[in-house]
Structure formats: structure tokens, C-alpha cells
Amino acid sequence: MTIEYAIFGGGCFWCTEAVFKDVIGVESVESVYTGGRRPNPNYEQVCTGTTGHAEAIRVGFDPEKLTYGDLLDIHFVTHDPTQLNRQGNDVGTQYRSAIFPANEQQKADAEAAILRAQHDHSDPIVTSIEPLGEVYVAEGYHQNYWDGAGQQNRYCMAVIPPKLQKLRKSFAQRTKSLQQ
């Protein structure tokens, strides 16, 4: 099996990770920092908003089961791409809506996905397409967060279930939890 990768920012990485882990064809999801200037940043540094990094996820997917374009469409449905440098109560450039394409084809697919998604929004989409630079894996306690500590985190309990509902409503045929 060949695995390809997609990297997206769409607010808190705990919340985006939970969504993509439920998608058929997704083999891995890692919380990462990318798009910034500081080498090897940590969570506290990224949270200041001064490093330039976004909280993002790196999605490993099987291109025989779903396409990069499919992942982009899911990304646009499960977060608000019209909010500049924020998602809900998470405010700062580290929570920006961003796509970090690995190659020119992914960049072209991202541009097409933004045009598709704009049809569903009256406000302009502000998702940026940024060069893929260094990617730093976030600290271990951020990985698989929803499956563990997230179930006791009030913030996660308020934000993640509605995102999962959007996923299951819009992409039922692509959702692991609905196919079991």
C-alpha cells in the first residue's frame, strides 16, 4: 500500500485530528507544527503566536481509498474557513485555516477545493495555501488526544462532537464509525 500525506491547519489540532481519524482511507493522523520560523518549537512557544507556526495535522492516507481532493472537501466542511486567524474561541495565527501542499498537484487541488467550498459560504474563504516547510511533530500528549484526555476536556467535549456530526452528515459513506 502506498501512503500519501496531506497537511492542514484548521484551528486546534486536537479537534481536526479527531475528525480525520474517523475517515475511511486515513491510515494515520499526527498533530504537528508547521509554517513558522523557529526551529523545533514547543507547544508553549507556538501558543504565543510569535513563532509563525500553525497547529496542523499530517494525514497519512491511502490514495486508492480516497483522494487528496476528498480530504480537502472534508477539511472545508468540518471547520470554518471564513474565520481569519481563529476558529471559534481559539484566536491567533497558530489557529489559522491553512493548507500546506507537498507538491504542485496538491497546490492545484487546494486551489480547486477553495473554489468548490466557496459555493457553500457567503463570506469569503480566507484559507491560505502556504509553502510546506519544516514539519515538527507536536509533543506526545497532543497525539490521539480525543481518544484519551480529550474525553475529559470540556473544550474538546464542546467542539469535537459537532465537527464529527458534520463529518458524519456530509460524508457518511466515508466515515469509519458509521461503517462498522
# chains A, B, ... in the order shown; residues from 1 in each chain; ligands from 1
>>> residues_around(residues="region 79-81 of chain A", least_positions_apart="5", cutoff="9 Å", atoms="only C-alpha atoms", output="list in words")
Gly10, Gly11, Thr16, Ile74, Arg86, Gln87, Gly88, Arg96, Ser97, Ala98, Ala117, His121, Pro124, Ile125, Val126, Thr127 and Lys163 of chain A
>>> write_last_selection(atoms="N, CA and C atoms", output="PDB file, in the first residue's frame")
ATOM      1  N   GLY A  10      -6.517  23.946  10.757  1.00  0.00           N
ATOM      2  CA  GLY A  10      -7.920  24.347  10.822  1.00  0.00           C
ATOM      3  C   GLY A  10      -8.350  24.569  12.249  1.00  0.00           C
ATOM      4  N   GLY A  11      -7.521  25.281  13.004  1.00  0.00           N
ATOM      5  CA  GLY A  11      -7.811  25.508  14.410  1.00  0.00           C
ATOM      6  C   GLY A  11      -7.014  24.546  15.265  1.00  0.00           C
ATOM      7  N   THR A  16      -9.127  18.823  14.846  1.00  0.00           N
ATOM      8  CA  THR A  16      -9.021  18.352  13.462  1.00  0.00           C
ATOM      9  C   THR A  16      -8.546  16.904  13.424  1.00  0.00           C
ATOM     10  N   ILE A  74     -13.444  17.456   2.971  1.00  0.00           N
ATOM     11  CA  ILE A  74     -13.768  17.175   4.376  1.00  0.00           C
ATOM     12  C   ILE A  74     -13.234  18.299   5.266  1.00  0.00           C
ATOM     13  N   ARG A  86      -8.298  32.278  13.358  1.00  0.00           N
ATOM     14  CA  ARG A  86      -9.057  31.811  14.516  1.00  0.00           C
ATOM     15  C   ARG A  86      -9.975  30.673  14.102  1.00  0.00           C
ATOM     16  N   GLN A  87     -10.426  29.944  15.091  1.00  0.00           N
ATOM     17  CA  GLN A  87     -11.539  29.015  14.975  1.00  0.00           C
ATOM     18  C   GLN A  87     -12.290  29.138  16.281  1.00  0.00           C
ATOM     19  N   GLY A  88     -13.460  29.743  16.226  1.00  0.00           N
ATOM     20  CA  GLY A  88     -14.245  29.939  17.440  1.00  0.00           C
ATOM     21  C   GLY A  88     -13.476  30.744  18.463  1.00  0.00           C
ATOM     22  N   ARG A  96      -4.840  29.408  12.340  1.00  0.00           N
ATOM     23  CA  ARG A  96      -5.302  29.795  11.005  1.00  0.00           C
ATOM     24  C   ARG A  96      -5.752  28.586  10.184  1.00  0.00           C
ATOM     25  N   SER A  97      -6.622  28.885   9.249  1.00  0.00           N
ATOM     26  CA  SER A  97      -7.041  27.892   8.264  1.00  0.00           C
ATOM     27  C   SER A  97      -6.004  27.917   7.158  1.00  0.00           C
ATOM     28  N   ALA A  98      -5.294  26.805   6.977  1.00  0.00           N
ATOM     29  CA  ALA A  98      -4.197  26.775   6.011  1.00  0.00           C
ATOM     30  C   ALA A  98      -4.039  25.380   5.418  1.00  0.00           C
ATOM     31  N   ALA A 117     -15.494  25.023  -2.218  1.00  0.00           N
ATOM     32  CA  ALA A 117     -16.004  25.337  -0.883  1.00  0.00           C
ATOM     33  C   ALA A 117     -16.659  26.711  -0.831  1.00  0.00           C
ATOM     34  N   HIS A 121     -20.385  29.075   1.211  1.00  0.00           N
ATOM     35  CA  HIS A 121     -20.164  30.145   2.183  1.00  0.00           C
ATOM     36  C   HIS A 121     -20.488  31.500   1.568  1.00  0.00           C
ATOM     37  N   PRO A 124     -16.197  35.344   2.358  1.00  0.00           N
ATOM     38  CA  PRO A 124     -15.045  34.824   1.610  1.00  0.00           C
ATOM     39  C   PRO A 124     -14.237  33.815   2.424  1.00  0.00           C
ATOM     40  N   ILE A 125     -13.750  32.813   1.748  1.00  0.00           N
ATOM     41  CA  ILE A 125     -12.853  31.858   2.377  1.00  0.00           C
ATOM     42  C   ILE A 125     -11.486  32.516   2.510  1.00  0.00           C
ATOM     43  N   VAL A 126     -10.909  32.407   3.705  1.00  0.00           N
ATOM     44  CA  VAL A 126      -9.614  33.034   3.974  1.00  0.00           C
ATOM     45  C   VAL A 126      -8.502  31.988   4.150  1.00  0.00           C
ATOM     46  N   THR A 127      -8.792  30.747   3.854  1.00  0.00           N
ATOM     47  CA  THR A 127      -7.792  29.682   3.967  1.00  0.00           C
ATOM     48  C   THR A 127      -6.592  30.028   3.105  1.00  0.00           C
ATOM     49  N   LYS A 163     -18.162  18.780  15.185  1.00  0.00           N
ATOM     50  CA  LYS A 163     -17.338  18.553  13.995  1.00  0.00           C
ATOM     51  C   LYS A 163     -17.552  17.127  13.477  1.00  0.00           C
TER      52      LYS A 163
END
>>> select_by_dssp(residues="region 129-177 of chain A", states="strand (DSSP E)", output="MDAnalysis selection string")
chainID A and resid 129 135:137
>>> residues_around(residues="Glu17 (chain A)", least_positions_apart="4", cutoff="10 Å", atoms="only C-alpha atoms", output="NGL selection string")
:A and (10 or 12-13 or 21-22 or 28-31 or 56-59 or 142-146 or 160)
>>> atom_distance(atom1="CA of Tyr95 (chain A)", atom2="CA of Ser128 (chain A)")
11.8 Å
>>> select_by_dssp(residues="region 5-170 of chain A", states="helix (DSSP H, G or I)", output="NGL selection string")
:A and (13-20 or 43-47 or 68-77 or 93-95 or 104-118 or 140-142 or 149-152 or 154-170)
>>> residues_around(residues="Glu4 (chain A)", least_positions_apart="5", cutoff="8 Å", atoms="only C-alpha atoms", output="list in words")
Gly60, Phe61, Asp62 and Pro63 of chain A
>>> write_last_selection(atoms="N, CA, C and O atoms", output="short mmCIF file (atom, residue, chain, number, x, y, z; two decimals), in the first residue's frame")
data_model
loop_
_atom_site.label_atom_id
_atom_site.label_comp_id
_atom_site.auth_asym_id
_atom_site.auth_seq_id
_atom_site.Cartn_x
_atom_site.Cartn_y
_atom_site.Cartn_z
N GLY A 60 -1.88 10.78 6.92
CA GLY A 60 -1.40 9.74 6.02
C GLY A 60 -2.61 9.02 5.47
O GLY A 60 -3.46 8.53 6.22
N PHE A 61 -2.72 8.95 4.12
CA PHE A 61 -3.91 8.36 3.54
C PHE A 61 -3.56 7.43 2.37
O PHE A 61 -2.52 7.56 1.75
N ASP A 62 -4.47 6.51 2.14
CA ASP A 62 -4.34 5.54 1.05
C ASP A 62 -5.04 6.14 -0.17
O ASP A 62 -6.27 6.23 -0.20
N PRO A 63 -4.28 6.56 -1.20
CA PRO A 63 -4.89 7.21 -2.37
C PRO A 63 -5.78 6.28 -3.19
O PRO A 63 -6.53 6.75 -4.06
#
>>> closest_residue(among="A:Asp120, A:Glu111, A:Asp73, A:Glu134", to="Arg38 (chain A)", atoms="only C-alpha atoms")
A:Glu134
>>> residues_around(residues="Ile129 (chain A)", least_positions_apart="4", cutoff="8 Å", atoms="only C-alpha atoms", output="list in words")
Ala98, Ile99, Phe100, Pro101, Lys107, Ala110 and Glu111 of chain A
>>> write_last_selection(atoms="N, CA, C and O atoms", output="compact mmCIF listing (two decimals), in the first residue's frame")
# COMPACT_ATOMS: atom_id res chain seq x y z
N ALA A 98 -5.29 26.81 6.98
CA ALA A 98 -4.20 26.78 6.01
C ALA A 98 -4.04 25.38 5.42
O ALA A 98 -4.36 24.38 6.05
N ILE A 99 -3.53 25.36 4.21
CA ILE A 99 -3.19 24.13 3.51
C ILE A 99 -1.71 24.23 3.16
O ILE A 99 -1.27 25.27 2.65
N PHE A 100 -0.99 23.17 3.40
CA PHE A 100 0.45 23.12 3.15
C PHE A 100 0.73 22.02 2.12
O PHE A 100 1.04 20.89 2.48
N PRO A 101 0.56 22.33 0.83
CA PRO A 101 0.73 21.30 -0.20
C PRO A 101 2.17 20.82 -0.33
O PRO A 101 3.11 21.60 -0.22
N LYS A 107 -1.10 21.63 -4.65
CA LYS A 107 -1.42 23.06 -4.67
C LYS A 107 -2.59 23.34 -5.61
O LYS A 107 -3.52 24.07 -5.26
N ALA A 110 -5.71 22.15 -4.03
CA ALA A 110 -6.12 23.05 -2.95
C ALA A 110 -6.84 24.27 -3.51
O ALA A 110 -7.87 24.70 -2.98
N GLU A 111 -6.31 24.82 -4.58
CA GLU A 111 -6.96 25.98 -5.21
C GLU A 111 -8.35 25.61 -5.70
O GLU A 111 -9.31 26.37 -5.52
>>> closest_atom_pairs(of="region 10-111 of chain A", to="region 167-174 of chain A", cutoff="8 Å", atoms="only C-alpha atoms", output="tab-separated table")
residue	atom	partner	partner_atom	distance
A:Val19	CA	A:Leu167	CA	7.1
A:Val23	CA	A:Arg174	CA	5.7
A:Ile24	CA	A:Arg174	CA	5.2
A:Ile74	CA	A:Leu167	CA	7.0
A:Val77	CA	A:Leu167	CA	7.3
A:Thr78	CA	A:Leu167	CA	6.3
>>> residues_around(residues="region 90-93 of chain A", least_positions_apart="6", cutoff="7 Å", atoms="only C-alpha atoms", output="VMD selection string")
chain A and resid 11 49 52 54
>>> write_last_selection(atoms="all heavy atoms", output="mmCIF file, in the first residue's frame")
data_model
loop_
_atom_site.group_PDB
_atom_site.id
_atom_site.type_symbol
_atom_site.label_atom_id
_atom_site.label_comp_id
_atom_site.auth_asym_id
_atom_site.auth_seq_id
_atom_site.Cartn_x
_atom_site.Cartn_y
_atom_site.Cartn_z
ATOM 1 N N GLY A 11 -7.521 25.281 13.004
ATOM 2 C CA GLY A 11 -7.811 25.508 14.410
ATOM 3 C C GLY A 11 -7.014 24.546 15.265
ATOM 4 O O GLY A 11 -5.960 24.049 14.861
ATOM 5 N N GLY A 49 1.899 32.694 19.530
ATOM 6 C CA GLY A 49 1.596 33.290 18.238
ATOM 7 C C GLY A 49 2.778 34.001 17.604
ATOM 8 O O GLY A 49 2.640 34.610 16.549
ATOM 9 N N GLY A 52 5.102 31.913 14.235
ATOM 10 C CA GLY A 52 4.598 31.794 12.870
ATOM 11 C C GLY A 52 4.025 30.433 12.543
ATOM 12 O O GLY A 52 3.450 30.244 11.474
ATOM 13 N N ALA A 54 1.603 27.106 12.596
ATOM 14 C CA ALA A 54 0.201 26.749 12.752
ATOM 15 C C ALA A 54 0.132 25.415 13.469
ATOM 16 O O ALA A 54 0.995 24.549 13.278
ATOM 17 C CB ALA A 54 -0.477 26.613 11.389
#
